[in-house]
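Undergrad: If you scroll down you'll find the structure; I have some questions about it.
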Amino acid sequence: MNRLYGVIAMDIVCFAIFIALALAGRNAEEVNSESGDAGKSGKTTLANKGSLKPRTGGRELWLAVDSEPQTLDPISITDTISDGIGGKIFNKLMRLQYDEHRVLKPVPDLAESVEITNENRLYTFKLRKGVRFHNGREVKAADFVYSLKRLMSAMSKRADLMNPFVKGSKAYCEFKSDEVVHDDPNLGIRAVDDYTLQIELDEPFAPFLQHLCTVSCAVVPRESAENKDVPLSRAPVGTGPFKLAEKDWVANQYLRLRRFDGYFAGKPKMEGVRFFIYKDKTLQIKRFMAGQLDACEIPNGQVKKSTEEAGEENVFEWKSARTNYIGIGMPNGPFKDKKDLLPFGTNKFLRQAMNYALDREYLCKTILEGRGTPAIGVLPPGMPACKESRPGWKKDLAKARELMAQAGYPEGKGLAPITMLVRNDVDNKNIGQAMVNDFEKIGIRISLEAVDWNRFLEMVDKEPVPMFLLGWVADYPDPDNFLYVLFNTKQFNSAGNYMCYSNPEVDKLTEDARKLKDMTDRAKLYERAENIILDEAPWICTYHLISKVLLRKEVKGIRENATSLDTGTEYPQVEFMNVEVE
Amino acid sequence: MGTYILRRLLQTIPVLFGVATIAFLLSDLSGSPVRQLMGQHANPEMMKRVSAHLGFDKPMHVRFANHILHLLQGDLGASISKDGKSVTTIILDGLAVTIKITMGAVVIATTLGIGLGIFSAWRPRSWIDYSSSVFASLGISFPAFFMGMLLLLIFSVKLQWFPIGGYEAGYISNLVLPSLTLGLLSTASISRLTRNCLLETLSSDYIRSARAKGRGEWRVLLGHAFPNALVPVVTVMGSDFAALLTGAVLTETVFQIPGIGSVIAEAIFQHDLPVVMGCCVVFALIFVMINIVVDMLYAFLDPRIRHAD
């Protein structure tokens, strides 16, 4: 009998531990917090019956993200979620802003002004005075020198933003040292005085200011960056409108950014921003409807339903600087002997036929539920030098069949089936399948090969594959980021040109355009390069993404300021400084 | 007893070494994580540098030696996809959540499982027995994700008693359904085992004597038969507990709980090899330790069992 009591006792102990542990993480401050309480959701979700409930976030903006940011150390940021969150914590020398023609341009951020001299090779930045880090110390030019050197250190994942453009950067990067940064008199980054910074380039490079707008080029205080106990990746210290204390990052649950009252441009309007980590998008929508999120992404297949439930006024859409495409592998450079494996890469007419077989309207309207517009070219609308008057391609099966005959495969006769590489997720497979069905109508038989992301990258890195389905979102709003990075012969394989497309004229045009300062002059070269690319069709451009999110109408300042650069958290990139919740 | 424990502890060393080796080899075969880490378009030179920084440029045997050397010092290494965050912290964060669910599951599984088992043994081949048998076969044959979705559908969507998933520290309502899902799965096996062991014990001589002395049926069942029937049940409970702790991947996915199951699933998708290897070693350690504890419990439950020193 005693042993029975033993088991009962064990149960009681387990139950007690369960209750104690379950309640253990409860934070008194959270519960009493005026700005609302994440945990309430446990109860309020009960009342969720689909209709939109009043928001509970108080003067904090509540957003959902799919996963934790990988890191918040600027020099390690390569994923879009980290980029989106890091952007609120850090400032760079420059930032992007629309000009009067609604073109995104770099404007001074922590710099007060920038002067470009010495045949577009010497950049002199006058820095703002009185800018403070979250730890209270003033930012000086030496901090930028340190931060940019750190960006070129062995621990950095984004040294490519500086190397090989900055004078002496190649030698600096190759220098073996245990120190994170070291002295190098030949490096073209120097502090002239406390508030003047100079960066010297080896050759003119027009998109350099755009590089400096990247979060990886943010200024960080040396004392925090070298503190091994509290790494920047977990407890970032920047100069931005919001700051993150270590305790405010609750693993796998949320990150809570709080307002930085000492922000150089004034006090942000919101008290803070909270990023809730919900992997499941359906759960995000449920929480949005229950008033526990101010914004969340709309997953594929739920656009109509969630728009109806939330009401049009709570849906926000904007054009992303993104082009989706089918890439076609070509037997160029070291892959010359792969001709047999790449039948589409050797036959321009086949590729052009694909362009006319594809029903882009149907794809955008039905499969994507309006989350895309038919592609007009490589450059997405809104990008400088994008010729928005391009007609694009209308579905024209007669013309496609004619091109097939010209290619030597009338009705596809004699053409062997081919595989198209796609990422292994439902969306990509559905989109891929819809396209495959279109191509079958003109006799091109394609089967999908779905592989996980790592494998996908390994495969296209190694050699050109016959066909792959992918998209590219601009890192920075400059045509260089599409036309040079993805089509220049120097960029074969992993560097961006997965097709191994090579055309000497495109190479020359994209290289020359880098050296010119004025966008009007550059745009002419880019237009010529893009015309050649569209004619040779190494890409079958499919659609330009239209992002749609659920966004409470009470949130002011996002709709008005949205830029075409999404942050991967699928929210538009905006200055959060002026965002306000009612 | 002391020597016995010591011997068992020493035996865990080759087991852990074996697990660490296999985990390392399998992870190594799956390729380098650097490519995925660098994003869609990566400068080859940069990739080389990052590879070197993370130590992936070294030959396999050197990396293996390093890995084992660090393990011996209790260092599971640093995560790749979380920019150097300590693997130990990541695993502890996950385990902290999983332990909560598992505790709840153990309570459900033991109370319900043993209770049902006793009732079935009390009236074998009665309707109680048959219905508990049906319940057990259902429980064993239902996969966790299906059971989880079913419970979500009934209790969260239809009845709206519990949240629809997700997790926030400090609230029990988030944990009830995941615990129930996990608990019901092992309830089934525990109830069947309890019933069979009880029935076997009930047919032994000393039970006949107890009955002959006029002891009441419940007294015989619970006081005389049950304690002796408990040894195999405890064994199963022990291994179930370990399996619950380490096998909650599906349940955690269904309910969006950021426990150890989610940690390992995410690490696998992101090719975060140190985290995957760390999880394997920690899982092995949990299994081994719980087995030792169960062996210790035998001696307590059945005085006839003595561990030879």
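Each chain in the structure tokens gets a letter, A, B, ..., in the order shown, and its residues are numbered from 1; ligands are numbered from 1 in order too.
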Which residues of chain B come within 7 Å of chain A, and for each one, what is the closest pair of atoms and their distance in Å to one decimal, counting only C-alpha atoms, sorted by chain and residue number, as a tab-separated table?
TA:
```
residue	atom	partner	partner_atom	distance
B:Arg35	CA	A:Asn454	CA	6.9
B:Gln36	CA	A:Asn454	CA	5.3
B:Met38	CA	A:Thr78	CA	6.2
B:Gly39	CA	A:Thr78	CA	6.1
B:His41	CA	A:Gly496	CA	4.9
B:Ala42	CA	A:Ala495	CA	4.8
B:Asn43	CA	A:Ala495	CA	4.6
B:Pro44	CA	A:Ala495	CA	6.5
B:Met46	CA	A:Asp160	CA	6.8
B:Arg49	CA	A:Ala154	CA	6.6
B:Val50	CA	A:Lys157	CA	6.4
B:His53	CA	A:Met155	CA	6.3
B:Ser81	CA	A:Gln70	CA	5.9
B:Lys82	CA	A:Gln70	CA	4.5
B:Asp83	CA	A:Thr71	CA	5.6
B:Lys100	CA	A:Phe18	CA	5.4
B:Met103	CA	A:Phe18	CA	5.4
B:Gly104	CA	A:Phe18	CA	5.8
B:Val107	CA	A:Asp11	CA	5.4
B:Gln160	CA	A:Leu46	CA	5.0
B:Trp161	CA	A:Leu46	CA	6.2
B:Phe162	CA	A:Leu46	CA	6.4
B:Pro163	CA	A:Gly42	CA	5.4
B:Glu168	CA	A:Gly39	CA	5.7
B:Ala169	CA	A:Gly25	CA	4.6
B:Gly170	CA	A:Leu23	CA	3.9
B:Tyr171	CA	A:Leu23	CA	5.9
B:Ile172	CA	A:Ala22	CA	5.6
B:Ser173	CA	A:Gly42	CA	6.2
B:Asn174	CA	A:Gly42	CA	6.4
B:Leu222	CA	A:Met1	CA	6.3
B:Gly223	CA	A:Met1	CA	4.3
B:Pro227	CA	A:Arg3	CA	5.9
B:Pro258	CA	A:Asn252	CA	5.9
B:Leu301	CA	A:Arg3	CA	6.9
```
Undergrad: Let me see the file: selected residues, N, CA and C atoms, as an mmCIF file, in the first residue's frame.
TA:
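Done, and the output landed in selection-v1.cif:
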```
data_model
loop_
_atom_site.group_PDB
_atom_site.id
_atom_site.type_symbol
_atom_site.label_atom_id
_atom_site.label_comp_id
_atom_site.auth_asym_id
_atom_site.auth_seq_id
_atom_site.Cartn_x
_atom_site.Cartn_y
_atom_site.Cartn_z
ATOM 1 N N ARG B 35 27.318 27.863 -46.648
ATOM 2 C CA ARG B 35 26.655 28.359 -47.842
ATOM 3 C C ARG B 35 25.305 28.986 -47.527
ATOM 4 N N GLN B 36 24.501 28.244 -46.752
ATOM 5 C CA GLN B 36 23.168 28.724 -46.407
ATOM 6 C C GLN B 36 23.241 29.997 -45.562
ATOM 7 N N MET B 38 25.370 32.338 -45.693
ATOM 8 C CA MET B 38 25.799 33.529 -46.415
ATOM 9 C C MET B 38 24.700 34.138 -47.284
ATOM 10 N N GLY B 39 23.540 33.501 -47.316
ATOM 11 C CA GLY B 39 22.457 34.083 -48.095
ATOM 12 C C GLY B 39 22.519 33.666 -49.549
ATOM 13 N N HIS B 41 23.161 35.088 -52.560
ATOM 14 C CA HIS B 41 24.305 35.313 -53.439
ATOM 15 C C HIS B 41 25.516 35.622 -52.584
ATOM 16 N N ALA B 42 26.523 34.778 -52.671
ATOM 17 C CA ALA B 42 27.659 34.929 -51.773
ATOM 18 C C ALA B 42 28.957 34.954 -52.562
ATOM 19 N N ASN B 43 29.734 35.960 -52.266
ATOM 20 C CA ASN B 43 31.045 36.109 -52.840
ATOM 21 C C ASN B 43 31.924 34.918 -52.393
ATOM 22 N N PRO B 44 32.528 34.147 -53.354
ATOM 23 C CA PRO B 44 33.280 32.941 -52.981
ATOM 24 C C PRO B 44 34.410 33.235 -51.993
ATOM 25 N N MET B 46 34.449 35.578 -49.718
ATOM 26 C CA MET B 46 33.843 35.764 -48.396
ATOM 27 C C MET B 46 33.511 34.419 -47.760
ATOM 28 N N ARG B 49 36.478 32.865 -46.281
ATOM 29 C CA ARG B 49 36.893 33.491 -45.018
ATOM 30 C C ARG B 49 35.987 33.070 -43.865
ATOM 31 N N VAL B 50 34.684 33.056 -44.131
ATOM 32 C CA VAL B 50 33.757 32.686 -43.053
ATOM 33 C C VAL B 50 33.965 31.218 -42.688
ATOM 34 N N HIS B 53 36.887 31.087 -40.542
ATOM 35 C CA HIS B 53 36.610 31.622 -39.218
ATOM 36 C C HIS B 53 35.855 30.607 -38.354
ATOM 37 N N SER B 81 23.995 29.207 -36.746
ATOM 38 C CA SER B 81 22.926 30.037 -37.281
ATOM 39 C C SER B 81 22.531 31.135 -36.299
ATOM 40 N N LYS B 82 22.914 31.003 -35.035
ATOM 41 C CA LYS B 82 22.591 32.072 -34.080
ATOM 42 C C LYS B 82 23.846 32.858 -33.692
ATOM 43 N N ASP B 83 24.761 32.961 -34.628
ATOM 44 C CA ASP B 83 25.940 33.800 -34.482
ATOM 45 C C ASP B 83 26.671 33.608 -33.153
ATOM 46 N N LYS B 100 8.428 21.375 -18.775
ATOM 47 C CA LYS B 100 7.093 21.732 -18.282
ATOM 48 C C LYS B 100 6.029 20.830 -18.907
ATOM 49 N N MET B 103 6.397 17.187 -17.653
ATOM 50 C CA MET B 103 5.891 16.969 -16.297
ATOM 51 C C MET B 103 4.371 16.784 -16.337
ATOM 52 N N GLY B 104 3.723 17.663 -17.080
ATOM 53 C CA GLY B 104 2.272 17.565 -17.220
ATOM 54 C C GLY B 104 1.893 16.224 -17.829
ATOM 55 N N VAL B 107 2.195 13.330 -15.341
ATOM 56 C CA VAL B 107 1.066 13.297 -14.403
ATOM 57 C C VAL B 107 -0.138 12.622 -15.069
ATOM 58 N N GLN B 160 -13.164 26.527 -27.707
ATOM 59 C CA GLN B 160 -12.415 27.731 -27.338
ATOM 60 C C GLN B 160 -12.057 27.782 -25.851
ATOM 61 N N TRP B 161 -11.673 26.638 -25.317
ATOM 62 C CA TRP B 161 -11.261 26.609 -23.908
ATOM 63 C C TRP B 161 -9.793 26.969 -23.752
ATOM 64 N N PHE B 162 -9.020 26.650 -24.763
ATOM 65 C CA PHE B 162 -7.571 26.861 -24.659
ATOM 66 C C PHE B 162 -7.073 27.657 -25.857
ATOM 67 N N PRO B 163 -5.916 28.323 -25.706
ATOM 68 C CA PRO B 163 -5.364 29.056 -26.856
ATOM 69 C C PRO B 163 -5.021 28.109 -27.993
ATOM 70 N N GLU B 168 3.693 31.389 -24.048
ATOM 71 C CA GLU B 168 4.252 32.486 -23.278
ATOM 72 C C GLU B 168 4.525 31.981 -21.875
ATOM 73 N N ALA B 169 5.703 32.320 -21.386
ATOM 74 C CA ALA B 169 6.076 31.862 -20.062
ATOM 75 C C ALA B 169 5.055 32.378 -19.058
ATOM 76 N N GLY B 170 4.704 31.544 -18.074
ATOM 77 C CA GLY B 170 3.868 32.018 -16.998
ATOM 78 C C GLY B 170 2.392 31.702 -17.134
ATOM 79 N N TYR B 171 2.002 31.030 -18.211
ATOM 80 C CA TYR B 171 0.584 30.725 -18.380
ATOM 81 C C TYR B 171 0.367 29.237 -18.633
ATOM 82 N N ILE B 172 -0.455 28.620 -17.783
ATOM 83 C CA ILE B 172 -0.658 27.181 -17.889
ATOM 84 C C ILE B 172 -1.499 26.837 -19.106
ATOM 85 N N SER B 173 -2.421 27.735 -19.472
ATOM 86 C CA SER B 173 -3.367 27.396 -20.531
ATOM 87 C C SER B 173 -2.667 26.976 -21.820
ATOM 88 N N ASN B 174 -1.453 27.502 -22.048
ATOM 89 C CA ASN B 174 -0.705 27.141 -23.256
ATOM 90 C C ASN B 174 -0.185 25.718 -23.199
ATOM 91 N N LEU B 222 -4.823 -3.537 -4.412
ATOM 92 C CA LEU B 222 -3.917 -2.398 -4.273
ATOM 93 C C LEU B 222 -2.789 -2.661 -3.282
ATOM 94 N N GLY B 223 -3.111 -3.348 -2.187
ATOM 95 C CA GLY B 223 -2.112 -3.524 -1.133
ATOM 96 C C GLY B 223 -1.155 -4.666 -1.403
ATOM 97 N N PRO B 227 1.823 -3.403 -5.708
ATOM 98 C CA PRO B 227 3.247 -3.051 -5.550
ATOM 99 C C PRO B 227 4.167 -3.982 -6.329
ATOM 100 N N PRO B 258 8.149 26.470 -28.226
ATOM 101 C CA PRO B 258 9.589 26.560 -28.509
ATOM 102 C C PRO B 258 10.430 25.686 -27.579
ATOM 103 N N LEU B 301 11.384 -0.170 -4.904
ATOM 104 C CA LEU B 301 10.046 -0.728 -5.095
ATOM 105 C C LEU B 301 9.983 -2.197 -4.702
#
```
Undergrad: Could you list, as a list of chain:residue names, every residue within 12 Å of Leu153 (chain B), counting only C-alpha atoms and ignoring same-chain residues fewer than 2 positions away?
TA: B:Phe146, B:Met147, B:Gly148, B:Met149, B:Leu150, B:Leu151, B:Phe155, B:Ser156, B:Val157, B:Lys158, B:Leu159, B:Gln160, B:Trp161, B:Phe162, B:Pro163, B:Ile164, B:Gly165, B:Leu177, B:Val254, B:Phe255
Undergrad: Which residues, written as a ChimeraX atom specification, have at least one atom at most 10 Å from Gln198 (chain A), with only C-alpha atoms counted and residues fewer than 2 positions away on the same chain left out?
TA: /A:114-116,122-126,141,145,188-193,196,200-201
Undergrad: Find the residue from B:Leu250, B:Leu199, B:Leu72, B:Leu185 that sits nearest to Arg123 (chain B); use only C-alpha atoms when measuring.
TA: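 Counting only C-alpha atoms, the residue closest to Arg123 (chain B) is B:Leu199.
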Undergrad: Please measure the separation of CA of Leu255 (chain A) and CA of Phe276 (chain A), giving the value in Å to one decimal.
TA: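 Between these atoms lies a distance of 6.7 Å.
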Undergrad: Between B:Lys85, B:Lys48, B:His70, B:His61, single out the one closest to Val275 (chain B), counting only C-alpha atoms.
TA: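 Looking only at the distances to Val275 (chain B), the closest residue turns out to be B:Lys85.
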